[in-house]
Structure formats: C-alpha cells, structure tokens
Amino acid sequence: MSNKSLEATVDPELVRKWISDIGSDSTAAVPLLQAIQTEYRYLPRTAMDLVVGNTSITASQLYGVATFYAQFRLRPVGRHMIKVCHGTACHVSGADRVDTAIRQILDLREPDADTAANGSYTMEKVACIGCCSLAPVMLIGEEAFPHLKGADAQRFIQKHAKGVGEALPGDAGKNDAGDAAHDKPGKTKKTMEARP
Ligand code: FES
C-alpha cells in the first residue's frame, strides 16, 4: 500500500550530482540506486525518473536492477526496519504468530501495509537469515531477537521504540517495555542479495 504522506521530496540537483559523480551508463545503475536509497531510504519514483531522463540507462534496466536485489525498496519505509524471518525453521516455529503480533502493534490493518502510519517502523518478511536454531527470530535493525512468541516481539519493539524515542501507533507505545528472559540480541552481516 502506498502511503503518500511518507513519500520523500526529491532534490533534482542531488540526483544530477550523483549521475555526474558516478556515471551515466548501465554499469552505474547499482551505485546510483544505492546513492538514492542511502539518501531517501527507498527509491522514490521522481529520483528514478531523473536517472532515466539523464543517463543512457533505460527504465526497464533501472527497475530490473531495483527489483532484482533485495536491498532496494520501491516504497517509502519507516525510520527503523523489522525483519521477520519466514524461512522453514521459523515458519514451523511460529513466524506467522510473530508476524501477526507485529502487525498488531504497528497497527497495519491492510494486508499489504508494511509501514506504520507515523513512519516509525517498517516490517518485512525475509527468507532464512542463517540462525535457524534460534527460530522464530526477527531483526530490529541489525539486532536479532531469538525464540520469539508474539508477546515477546511486541515487548521488544516497545523497548526499542522507547530507546530510540519513537512513538508507536495508537496506545501501544505508552506501555512499559518490560523485560523478557531471552538470549541477547546478536549482530548480523549486511550482504547484497537477490530477492528469493
Ligand atoms: S529459518 Fe529463520 S533463521 Fe533460518
């Protein structure tokens, strides 16, 4: 679902500067997309149009690259990412219940909604993140939260929100985060991956 209120205002001069610095043939597609996404956290349509209009990269090439790699996003995202693993081990261990609990705390009512209306968090379903013995697991940023039940996921999000000064939709953010007796969050690696 497109949330117009979260769409970025693109600075055309900035996009032209990236083109001038990075290049304008098809080999520049990935670094240009990375520059755009670093600035806006997703790939605004306006910025994509500017690249197509000012380089030899065609729209189908640019969108082909943008949709091939999992790192690129075509819709506005929140200030923080929550990745919910839906790989086999996590699926068997209750990833759907975790997913439902997160959707509830972010007040995501439409089936295709993924970003809280206040722009705080975006949730994303991901394939196996490589720590199946900890299933079901989610990441907030790069921190992994293992062996989750739905209520745990909600508490960890509340705690995170409190820590970074974010409000959660509705009344959810007013509750105390509380503590959960779980393994400590762990770091994960960033990689350039094609979509599953
Ligand atoms: S299936 Fe979730 S970490 Fe592997």
# chains A, B, ... in the order shown; residues from 1 in each chain; ligands from 1

call {"tool": "residues_around", "arguments": {"residues": "A:Ala89", "least_positions_apart": "3", "cutoff": "9 Å", "atoms": "only C-alpha atoms", "output": "CSV table (one decimal) with all heavy atoms, in the first residue's frame"}}
result
chain,number,residue,atom,x,y,z
A,85,CYS,N,11.8,-13.3,10.1
A,85,CYS,CA,12.2,-14.5,9.3
A,85,CYS,C,11.0,-15.4,9.0
A,85,CYS,O,10.3,-15.8,10.0
A,85,CYS,CB,13.3,-15.2,9.9
A,85,CYS,SG,13.9,-16.6,9.0
A,86,HIS,N,10.8,-15.8,7.8
A,86,HIS,CA,9.8,-16.8,7.4
A,86,HIS,C,10.4,-18.0,6.7
A,86,HIS,O,9.8,-18.6,5.9
A,86,HIS,CB,8.7,-16.1,6.5
A,86,HIS,CG,7.8,-15.3,7.3
A,86,HIS,ND1,6.5,-15.7,7.7
A,86,HIS,CD2,7.9,-14.0,7.8
A,86,HIS,CE1,5.9,-14.8,8.4
A,86,HIS,NE2,6.7,-13.7,8.5
A,92,VAL,N,7.9,-23.0,10.9
A,92,VAL,CA,7.5,-24.2,11.7
A,92,VAL,C,7.3,-23.8,13.1
A,92,VAL,O,6.5,-24.3,13.9
A,92,VAL,CB,8.4,-25.4,11.5
A,92,VAL,CG1,8.2,-26.5,12.5
A,92,VAL,CG2,8.3,-25.9,10.1
A,93,SER,N,8.2,-22.9,13.6
A,93,SER,CA,8.2,-22.5,15.0
A,93,SER,C,7.3,-21.3,15.3
A,93,SER,O,7.3,-20.8,16.5
A,93,SER,CB,9.6,-22.1,15.4
A,93,SER,OG,10.5,-23.1,15.1
A,94,GLY,N,6.5,-20.8,14.4
A,94,GLY,CA,5.5,-19.8,14.7
A,94,GLY,C,5.8,-18.4,14.2
A,94,GLY,O,5.3,-17.5,14.8
A,95,ALA,N,6.5,-18.3,13.1
A,95,ALA,CA,6.7,-17.0,12.5
A,95,ALA,C,5.4,-16.2,12.2
A,95,ALA,O,5.4,-15.0,12.3
A,95,ALA,CB,7.6,-17.1,11.2
A,128,CYS,N,15.3,-17.2,5.2
A,128,CYS,CA,16.2,-17.6,6.3
A,128,CYS,C,17.4,-16.7,6.5
A,128,CYS,O,18.1,-16.3,5.5
A,128,CYS,CB,16.7,-19.0,6.1
A,128,CYS,SG,17.9,-19.6,7.3
A,132,CYS,N,18.9,-20.6,12.3
A,132,CYS,CA,17.6,-21.4,12.5
A,132,CYS,C,17.5,-22.0,13.9
A,132,CYS,O,16.3,-22.2,14.3
A,132,CYS,CB,17.6,-22.5,11.4
A,132,CYS,SG,17.9,-21.9,9.8
A,133,SER,N,18.6,-22.2,14.6
A,133,SER,CA,18.4,-22.8,15.9
A,133,SER,C,17.8,-21.8,16.9
A,133,SER,O,17.4,-22.2,18.0
A,133,SER,CB,19.8,-23.3,16.5
A,133,SER,OG,20.6,-22.1,16.6
A,134,LEU,N,17.7,-20.6,16.5
A,134,LEU,CA,17.1,-19.5,17.3
A,134,LEU,C,15.6,-19.2,16.9
A,134,LEU,O,15.0,-18.3,17.4
A,134,LEU,CB,17.9,-18.2,17.2
A,134,LEU,CG,19.4,-18.4,17.5
A,134,LEU,CD1,20.1,-17.0,17.4
A,134,LEU,CD2,19.6,-18.9,18.9
A,135,ALA,N,15.1,-20.0,16.0
A,135,ALA,CA,13.8,-19.8,15.5
A,135,ALA,C,12.7,-19.8,16.5
A,135,ALA,O,12.8,-20.6,17.5
A,135,ALA,CB,13.5,-20.8,14.4
A,136,PRO,N,11.6,-19.0,16.3
A,136,PRO,CA,11.5,-17.9,15.3
A,136,PRO,C,12.2,-16.7,15.7
A,136,PRO,O,12.3,-16.3,16.9
A,136,PRO,CB,10.0,-17.7,15.3
A,136,PRO,CG,9.5,-18.1,16.6
A,136,PRO,CD,10.4,-19.1,17.2

call {"tool": "select_by_dssp", "arguments": {"residues": "chain A", "states": "alpha helix (DSSP H)", "output": "number ranges by chain"}}
result
A: 12-22, 29-40, 45-54, 59-68, 88-92, 95-105, 150-164

call {"tool": "closest_residue", "arguments": {"among": "A:Ala28, A:Ile36, A:Ala144, A:Val137", "to": "ligand 1", "atoms": "only C-alpha atoms and all ligand atoms"}}
result
A:Val137

call {"tool": "closest_residue", "arguments": {"among": "A:Ala35, A:Ile102, A:Ala66, A:Val30", "to": "A:Leu148", "atoms": "only C-alpha atoms"}}
result
A:Ile102

call {"tool": "residues_around", "arguments": {"residues": "stretch 55-64 of chain A", "least_positions_apart": "6", "cutoff": "6 Å", "atoms": "only C-alpha atoms", "output": "PDB file with N, CA and C atoms, in the first residue's frame"}}
result
ATOM      1  N   SER A  24      26.912   7.442 -16.099  1.00  0.00           N
ATOM      2  CA  SER A  24      25.592   7.503 -16.734  1.00  0.00           C
ATOM      3  C   SER A  24      25.343   6.328 -17.679  1.00  0.00           C
ATOM      4  N   ASP A  25      26.203   5.282 -17.613  1.00  0.00           N
ATOM      5  CA  ASP A  25      25.882   4.111 -18.427  1.00  0.00           C
ATOM      6  C   ASP A  25      25.328   3.005 -17.516  1.00  0.00           C
ATOM      7  N   SER A  26      25.056   1.861 -18.112  1.00  0.00           N
ATOM      8  CA  SER A  26      24.336   0.834 -17.345  1.00  0.00           C
ATOM      9  C   SER A  26      25.124   0.328 -16.132  1.00  0.00           C
TER      10      SER A  26
END

call {"tool": "closest_residue", "arguments": {"among": "A:Leu168, A:Met123, A:Val98, A:Ala151", "to": "ligand 1", "atoms": "only C-alpha atoms and all ligand atoms"}}
result
A:Val98

call {"tool": "atom_distance", "arguments": {"atom1": "atom CA of A:Leu14", "atom2": "atom CA of A:Pro31"}}
result
14.1 Å

call {"tool": "closest_residue", "arguments": {"among": "A:Tyr40, A:Phe145, A:Phe156, A:Phe68", "to": "ligand 1", "atoms": "only C-alpha atoms and all ligand atoms"}}
result
A:Phe145

call {"tool": "decode", "arguments": {"residues": "stretch 136-176 of chain A", "atoms": "N, CA and C atoms", "output": "PDB file, in the first residue's frame"}}
result
ATOM      1  N   PRO A 136      11.622 -18.980  16.331  1.00  0.00           N
ATOM      2  CA  PRO A 136      11.487 -17.938  15.307  1.00  0.00           C
ATOM      3  C   PRO A 136      12.228 -16.670  15.719  1.00  0.00           C
ATOM      4  N   VAL A 137      12.727 -15.971  14.737  1.00  0.00           N
ATOM      5  CA  VAL A 137      13.604 -14.844  15.021  1.00  0.00           C
ATOM      6  C   VAL A 137      13.214 -13.628  14.180  1.00  0.00           C
ATOM      7  N   MET A 138      13.441 -12.452  14.742  1.00  0.00           N
ATOM      8  CA  MET A 138      13.261 -11.212  13.972  1.00  0.00           C
ATOM      9  C   MET A 138      14.493 -10.340  14.182  1.00  0.00           C
ATOM     10  N   LEU A 139      14.691  -9.419  13.267  1.00  0.00           N
ATOM     11  CA  LEU A 139      15.754  -8.426  13.409  1.00  0.00           C
ATOM     12  C   LEU A 139      15.105  -7.059  13.559  1.00  0.00           C
ATOM     13  N   ILE A 140      15.607  -6.278  14.489  1.00  0.00           N
ATOM     14  CA  ILE A 140      15.272  -4.852  14.509  1.00  0.00           C
ATOM     15  C   ILE A 140      16.584  -4.157  14.199  1.00  0.00           C
ATOM     16  N   GLY A 141      16.645  -3.501  13.059  1.00  0.00           N
ATOM     17  CA  GLY A 141      17.945  -3.038  12.582  1.00  0.00           C
ATOM     18  C   GLY A 141      18.808  -4.264  12.354  1.00  0.00           C
ATOM     19  N   GLU A 142      19.951  -4.337  13.036  1.00  0.00           N
ATOM     20  CA  GLU A 142      20.830  -5.496  12.875  1.00  0.00           C
ATOM     21  C   GLU A 142      20.837  -6.385  14.104  1.00  0.00           C
ATOM     22  N   GLU A 143      19.981  -6.109  15.054  1.00  0.00           N
ATOM     23  CA  GLU A 143      19.915  -6.936  16.256  1.00  0.00           C
ATOM     24  C   GLU A 143      18.929  -8.071  16.051  1.00  0.00           C
ATOM     25  N   ALA A 144      19.352  -9.280  16.412  1.00  0.00           N
ATOM     26  CA  ALA A 144      18.485 -10.450  16.262  1.00  0.00           C
ATOM     27  C   ALA A 144      17.825 -10.770  17.597  1.00  0.00           C
ATOM     28  N   PHE A 145      16.536 -11.062  17.542  1.00  0.00           N
ATOM     29  CA  PHE A 145      15.773 -11.417  18.744  1.00  0.00           C
ATOM     30  C   PHE A 145      15.252 -12.842  18.554  1.00  0.00           C
ATOM     31  N   PRO A 146      15.776 -13.784  19.356  1.00  0.00           N
ATOM     32  CA  PRO A 146      15.503 -15.203  19.099  1.00  0.00           C
ATOM     33  C   PRO A 146      14.321 -15.764  19.899  1.00  0.00           C
ATOM     34  N   HIS A 147      13.904 -16.948  19.504  1.00  0.00           N
ATOM     35  CA  HIS A 147      12.906 -17.754  20.230  1.00  0.00           C
ATOM     36  C   HIS A 147      11.674 -16.929  20.604  1.00  0.00           C
ATOM     37  N   LEU A 148      11.128 -16.243  19.642  1.00  0.00           N
ATOM     38  CA  LEU A 148      10.060 -15.284  19.941  1.00  0.00           C
ATOM     39  C   LEU A 148       8.690 -15.921  20.030  1.00  0.00           C
ATOM     40  N   LYS A 149       7.899 -15.381  20.922  1.00  0.00           N
ATOM     41  CA  LYS A 149       6.459 -15.533  20.853  1.00  0.00           C
ATOM     42  C   LYS A 149       5.935 -14.149  20.456  1.00  0.00           C
ATOM     43  N   GLY A 150       4.678 -14.081  20.070  1.00  0.00           N
ATOM     44  CA  GLY A 150       4.134 -12.795  19.622  1.00  0.00           C
ATOM     45  C   GLY A 150       4.301 -11.705  20.670  1.00  0.00           C
ATOM     46  N   ALA A 151       4.015 -12.053  21.936  1.00  0.00           N
ATOM     47  CA  ALA A 151       4.085 -11.047  23.002  1.00  0.00           C
ATOM     48  C   ALA A 151       5.522 -10.560  23.178  1.00  0.00           C
ATOM     49  N   ASP A 152       6.495 -11.474  23.005  1.00  0.00           N
ATOM     50  CA  ASP A 152       7.910 -11.071  23.110  1.00  0.00           C
ATOM     51  C   ASP A 152       8.232 -10.040  22.037  1.00  0.00           C
ATOM     52  N   ALA A 153       7.796 -10.336  20.815  1.00  0.00           N
ATOM     53  CA  ALA A 153       8.091  -9.428  19.703  1.00  0.00           C
ATOM     54  C   ALA A 153       7.531  -8.046  20.013  1.00  0.00           C
ATOM     55  N   GLN A 154       6.320  -8.004  20.542  1.00  0.00           N
ATOM     56  CA  GLN A 154       5.726  -6.708  20.867  1.00  0.00           C
ATOM     57  C   GLN A 154       6.525  -5.990  21.953  1.00  0.00           C
ATOM     58  N   ARG A 155       6.942  -6.745  22.962  1.00  0.00           N
ATOM     59  CA  ARG A 155       7.709  -6.109  24.048  1.00  0.00           C
ATOM     60  C   ARG A 155       9.034  -5.570  23.533  1.00  0.00           C
ATOM     61  N   PHE A 156       9.696  -6.349  22.684  1.00  0.00           N
ATOM     62  CA  PHE A 156      10.992  -5.886  22.176  1.00  0.00           C
ATOM     63  C   PHE A 156      10.826  -4.635  21.312  1.00  0.00           C
ATOM     64  N   ILE A 157       9.753  -4.586  20.566  1.00  0.00           N
ATOM     65  CA  ILE A 157       9.519  -3.392  19.738  1.00  0.00           C
ATOM     66  C   ILE A 157       9.209  -2.188  20.628  1.00  0.00           C
ATOM     67  N   GLN A 158       8.414  -2.417  21.654  1.00  0.00           N
ATOM     68  CA  GLN A 158       8.129  -1.316  22.592  1.00  0.00           C
ATOM     69  C   GLN A 158       9.415  -0.816  23.243  1.00  0.00           C
ATOM     70  N   LYS A 159      10.247  -1.770  23.619  1.00  0.00           N
ATOM     71  CA  LYS A 159      11.500  -1.407  24.293  1.00  0.00           C
ATOM     72  C   LYS A 159      12.402  -0.634  23.334  1.00  0.00           C
ATOM     73  N   HIS A 160      12.482  -1.126  22.105  1.00  0.00           N
ATOM     74  CA  HIS A 160      13.294  -0.442  21.100  1.00  0.00           C
ATOM     75  C   HIS A 160      12.766   0.967  20.870  1.00  0.00           C
ATOM     76  N   ALA A 161      11.446   1.087  20.736  1.00  0.00           N
ATOM     77  CA  ALA A 161      10.838   2.390  20.466  1.00  0.00           C
ATOM     78  C   ALA A 161      11.160   3.368  21.601  1.00  0.00           C
ATOM     79  N   LYS A 162      11.078   2.847  22.806  1.00  0.00           N
ATOM     80  CA  LYS A 162      11.390   3.694  23.963  1.00  0.00           C
ATOM     81  C   LYS A 162      12.846   4.153  23.906  1.00  0.00           C
ATOM     82  N   GLY A 163      13.715   3.223  23.538  1.00  0.00           N
ATOM     83  CA  GLY A 163      15.152   3.518  23.483  1.00  0.00           C
ATOM     84  C   GLY A 163      15.529   4.547  22.442  1.00  0.00           C
ATOM     85  N   VAL A 164      14.792   4.561  21.335  1.00  0.00           N
ATOM     86  CA  VAL A 164      15.151   5.490  20.256  1.00  0.00           C
ATOM     87  C   VAL A 164      14.184   6.677  20.183  1.00  0.00           C
ATOM     88  N   GLY A 165      13.280   6.749  21.152  1.00  0.00           N
ATOM     89  CA  GLY A 165      12.379   7.906  21.218  1.00  0.00           C
ATOM     90  C   GLY A 165      11.310   7.912  20.142  1.00  0.00           C
ATOM     91  N   GLU A 166      10.898   6.714  19.702  1.00  0.00           N
ATOM     92  CA  GLU A 166       9.826   6.632  18.704  1.00  0.00           C
ATOM     93  C   GLU A 166       8.481   6.410  19.396  1.00  0.00           C
ATOM     94  N   ALA A 167       7.434   6.999  18.840  1.00  0.00           N
ATOM     95  CA  ALA A 167       6.089   6.666  19.287  1.00  0.00           C
ATOM     96  C   ALA A 167       5.583   5.530  18.413  1.00  0.00           C
ATOM     97  N   LEU A 168       4.836   4.633  19.017  1.00  0.00           N
ATOM     98  CA  LEU A 168       4.185   3.583  18.233  1.00  0.00           C
ATOM     99  C   LEU A 168       2.754   4.017  17.958  1.00  0.00           C
ATOM    100  N   PRO A 169       2.152   3.472  16.905  1.00  0.00           N
ATOM    101  CA  PRO A 169       0.787   3.871  16.596  1.00  0.00           C
ATOM    102  C   PRO A 169      -0.148   3.550  17.773  1.00  0.00           C
ATOM    103  N   GLY A 170      -1.195   4.325  17.927  1.00  0.00           N
ATOM    104  CA  GLY A 170      -2.188   4.068  18.959  1.00  0.00           C
ATOM    105  C   GLY A 170      -1.597   4.183  20.346  1.00  0.00           C
ATOM    106  N   ASP A 171      -2.058   3.323  21.226  1.00  0.00           N
ATOM    107  CA  ASP A 171      -1.622   3.380  22.619  1.00  0.00           C
ATOM    108  C   ASP A 171      -0.451   2.457  22.899  1.00  0.00           C
ATOM    109  N   ALA A 172      -0.040   1.688  21.897  1.00  0.00           N
ATOM    110  CA  ALA A 172       0.934   0.634  22.163  1.00  0.00           C
ATOM    111  C   ALA A 172       2.215   1.160  22.779  1.00  0.00           C
ATOM    112  N   GLY A 173       2.685   2.308  22.304  1.00  0.00           N
ATOM    113  CA  GLY A 173       3.962   2.837  22.779  1.00  0.00           C
ATOM    114  C   GLY A 173       3.929   3.366  24.191  1.00  0.00           C
ATOM    115  N   LYS A 174       2.713   3.478  24.765  1.00  0.00           N
ATOM    116  CA  LYS A 174       2.630   4.016  26.123  1.00  0.00           C
ATOM    117  C   LYS A 174       2.924   2.966  27.172  1.00  0.00           C
ATOM    118  N   ASN A 175       2.877   1.689  26.786  1.00  0.00           N
ATOM    119  CA  ASN A 175       3.125   0.628  27.756  1.00  0.00           C
ATOM    120  C   ASN A 175       4.610   0.523  28.058  1.00  0.00           C
ATOM    121  N   ASP A 176       4.899   0.041  29.270  1.00  0.00           N
ATOM    122  CA  ASP A 176       6.285  -0.193  29.627  1.00  0.00           C
ATOM    123  C   ASP A 176       6.795  -1.388  28.831  1.00  0.00           C
TER     124      ASP A 176
END
